[in-house]
Amino acid sequence: MYYPNTPEARGDMRNWQHIASILTDEAIILNEAVKKGVINQKQIFFNPKEVNLARSYFETEGTSYISFEMINIWFLNDVRPPQMEVKVAKEKARTFIDNLRKRVVKGEISMKQAGEIIASSPELEKIDVAYQNNAYVSFSFVKPTTQVIIDPDLYKAVWRLNEGEFSEILIGKNPAVPEWIESYFVVVKVNEKKMQEFDDVNQLIEKRKKEGLKIVL
């Protein structure tokens with residue numbers, strides 16, 4: 001299934017070692033899925049559908065994750081600077097996003113609707129040429145090991161929020177030479193957050209291997 005059925009392929013021990021490694025990972029994932037009740041019972045043979053089901057579980061809710069939404073307004077876009085002094089653009093951006101934050105916290109509008117308001121406000125073009133594309137973004141089942149925000153400090157701030165919590169107005173930095181520059185305001189809402197035994201499926205696999213599982217060829 002993995003290599004051409006030739007004497008050369010069958011005779012190369014590296015191929016067998018690679019296959020053993022793949023099957024080891026799948027065996028660990030299946031076993032963990034059985035313990036979690038994702039798969040009802042162990043199977044004698046590997047079923048690709050069950051392997052995929054188990055892996056999907058541990059790539060989403062089966063390990064630590066966070067799902068969140070963000071509204072964004074840039075006041076210093078490095079593609080094209082604002083059509084005013086940066087200080088003025090920063091004040092306008094903060095005032096605009098502050099009003100929206102108050103409304104989403106009160107439940108008057110959703111985060112997505114707040115993003116739509118940003119995207120439909122042409123006056124923001126003088127501040128951020130890409131205001132429509134930057135307005136709103138959402139992430140689901142993000143792992144602690146996967147940084148989906150450029151600014152690492154901002155990403156850490158998101159992980160400090162609790163499930164269901166709105167952030168204060170946060171400021172994001174954009175990488176520049178020779179240092180990071182404050183460039184945009186964001187408001188974050190955490191929709192789901194689960195901290196499990198493992199941060200991601202690879203961490204799970206490596207931990208179980210270190211606990212003593214071996215494949216002997």
# chains A, B, ... in the order shown; residues from 1 in each chain; ligands from 1
call {"tool": "residues_around", "arguments": {"residues": "stretch 196-205 of chain A", "least_positions_apart": "5", "cutoff": "7 Å", "atoms": "only C-alpha atoms", "output": "ChimeraX atom specification"}}
result
/A:25,28,58-59,63-64,143-145
call {"tool": "residues_around", "arguments": {"residues": "A:Pro48", "least_positions_apart": "2", "cutoff": "12 Å", "atoms": "only C-alpha atoms", "output": "list in words"}}
result
Leu23, Glu26, Ala27, Ile29, Leu30, Gln43, Phe45, Phe46, Glu50, Val51, Asn52, Leu53, Ala54 and Arg55 of chain A
call {"tool": "closest_atom_pairs", "arguments": {"of": "stretch 100-136 of chain A", "to": "stretch 160-180 of chain A", "cutoff": "12 Å", "atoms": "only C-alpha atoms", "output": "tab-separated table"}}
result
residue	atom	partner	partner_atom	distance
A:Leu100	CA	A:Ile169	CA	10.4
A:Arg101	CA	A:Ile169	CA	7.9
A:Lys102	CA	A:Glu168	CA	10.0
A:Arg103	CA	A:Phe166	CA	11.5
A:Val104	CA	A:Phe166	CA	8.8
A:Val105	CA	A:Phe166	CA	7.1
A:Lys106	CA	A:Phe166	CA	10.8
A:Gly107	CA	A:Phe166	CA	11.3
A:Ser110	CA	A:Phe166	CA	11.6
A:Met111	CA	A:Phe166	CA	10.0
call {"tool": "atom_distance", "arguments": {"atom1": "atom CA of A:Ile22", "atom2": "atom CA of A:Thr6"}}
result
20.5 Å
call {"tool": "residues_around", "arguments": {"residues": "A:Met1", "least_positions_apart": "5", "cutoff": "12 Å", "atoms": "only C-alpha atoms", "output": "list in words"}}
result
Thr6, Ala9, Arg10, Asn15, Trp16 and Ile19 of chain A
call {"tool": "closest_residue", "arguments": {"among": "A:Asn77, A:Ser121, A:Asn191, A:Gln17", "to": "A:Val158", "atoms": "only C-alpha atoms"}}
result
A:Asn191
call {"tool": "select_by_dssp", "arguments": {"residues": "stretch 57-211 of chain A", "states": "strand (DSSP E)", "output": "PyMOL selection string"}}
result
chain A and resi 65-74+136-142+170-174+181-194
call {"tool": "write_last_selection", "arguments": {"atoms": "C-alpha atoms", "output": "short mmCIF file (atom, residue, chain, number, x, y, z; two decimals), in the first residue's frame"}}
result
data_model
loop_
_atom_site.label_atom_id
_atom_site.label_comp_id
_atom_site.auth_asym_id
_atom_site.auth_seq_id
_atom_site.Cartn_x
_atom_site.Cartn_y
_atom_site.Cartn_z
CA TYR A 65 -8.02 24.24 21.98
CA ILE A 66 -9.51 27.68 21.78
CA SER A 67 -12.13 29.06 19.38
CA PHE A 68 -12.43 32.82 19.13
CA GLU A 69 -13.48 35.83 17.04
CA MET A 70 -11.68 39.12 16.48
CA ILE A 71 -12.62 42.53 15.16
CA ASN A 72 -9.68 44.61 13.95
CA ILE A 73 -8.90 48.15 12.90
CA TRP A 74 -5.40 48.97 11.70
CA TYR A 136 -13.24 40.39 11.18
CA VAL A 137 -11.73 36.96 11.57
CA SER A 138 -12.67 33.80 13.46
CA PHE A 139 -10.67 30.73 14.44
CA SER A 140 -11.89 27.30 15.53
CA PHE A 141 -10.05 24.57 17.44
CA VAL A 142 -6.74 26.43 17.55
CA LEU A 170 -5.89 45.08 22.75
CA ILE A 171 -3.13 46.49 20.62
CA GLY A 172 -1.29 44.39 18.07
CA LYS A 173 2.21 44.83 16.76
CA ASN A 174 3.48 44.32 13.25
CA ILE A 181 5.60 48.43 15.85
CA GLU A 182 2.14 48.97 17.35
CA SER A 183 -0.17 48.88 14.33
CA TYR A 184 -3.76 47.86 15.10
CA PHE A 185 -6.51 47.52 17.70
CA VAL A 186 -8.46 44.33 18.27
CA VAL A 187 -11.28 43.06 20.43
CA VAL A 188 -11.49 39.32 21.01
CA LYS A 189 -14.34 37.10 22.12
CA VAL A 190 -13.52 33.56 23.25
CA ASN A 191 -16.36 31.25 22.29
CA GLU A 192 -14.80 28.00 23.51
CA LYS A 193 -11.71 27.09 25.48
CA LYS A 194 -10.71 23.65 26.71
#
call {"tool": "closest_residue", "arguments": {"among": "A:Gln132, A:Glu91, A:Pro4, A:Phe75", "to": "A:Gly115", "atoms": "only C-alpha atoms"}}
result
A:Gln132
call {"tool": "atom_distance", "arguments": {"atom1": "atom CA of A:Arg94", "atom2": "atom CA of A:Thr146"}}
result
28.2 Å
call {"tool": "select_by_dssp", "arguments": {"residues": "stretch 28-125 of chain A", "states": "helix (DSSP H, G or I)", "output": "PyMOL selection string"}}
result
chain A and resi 28-36+48-59+86-106+111-119+122-125
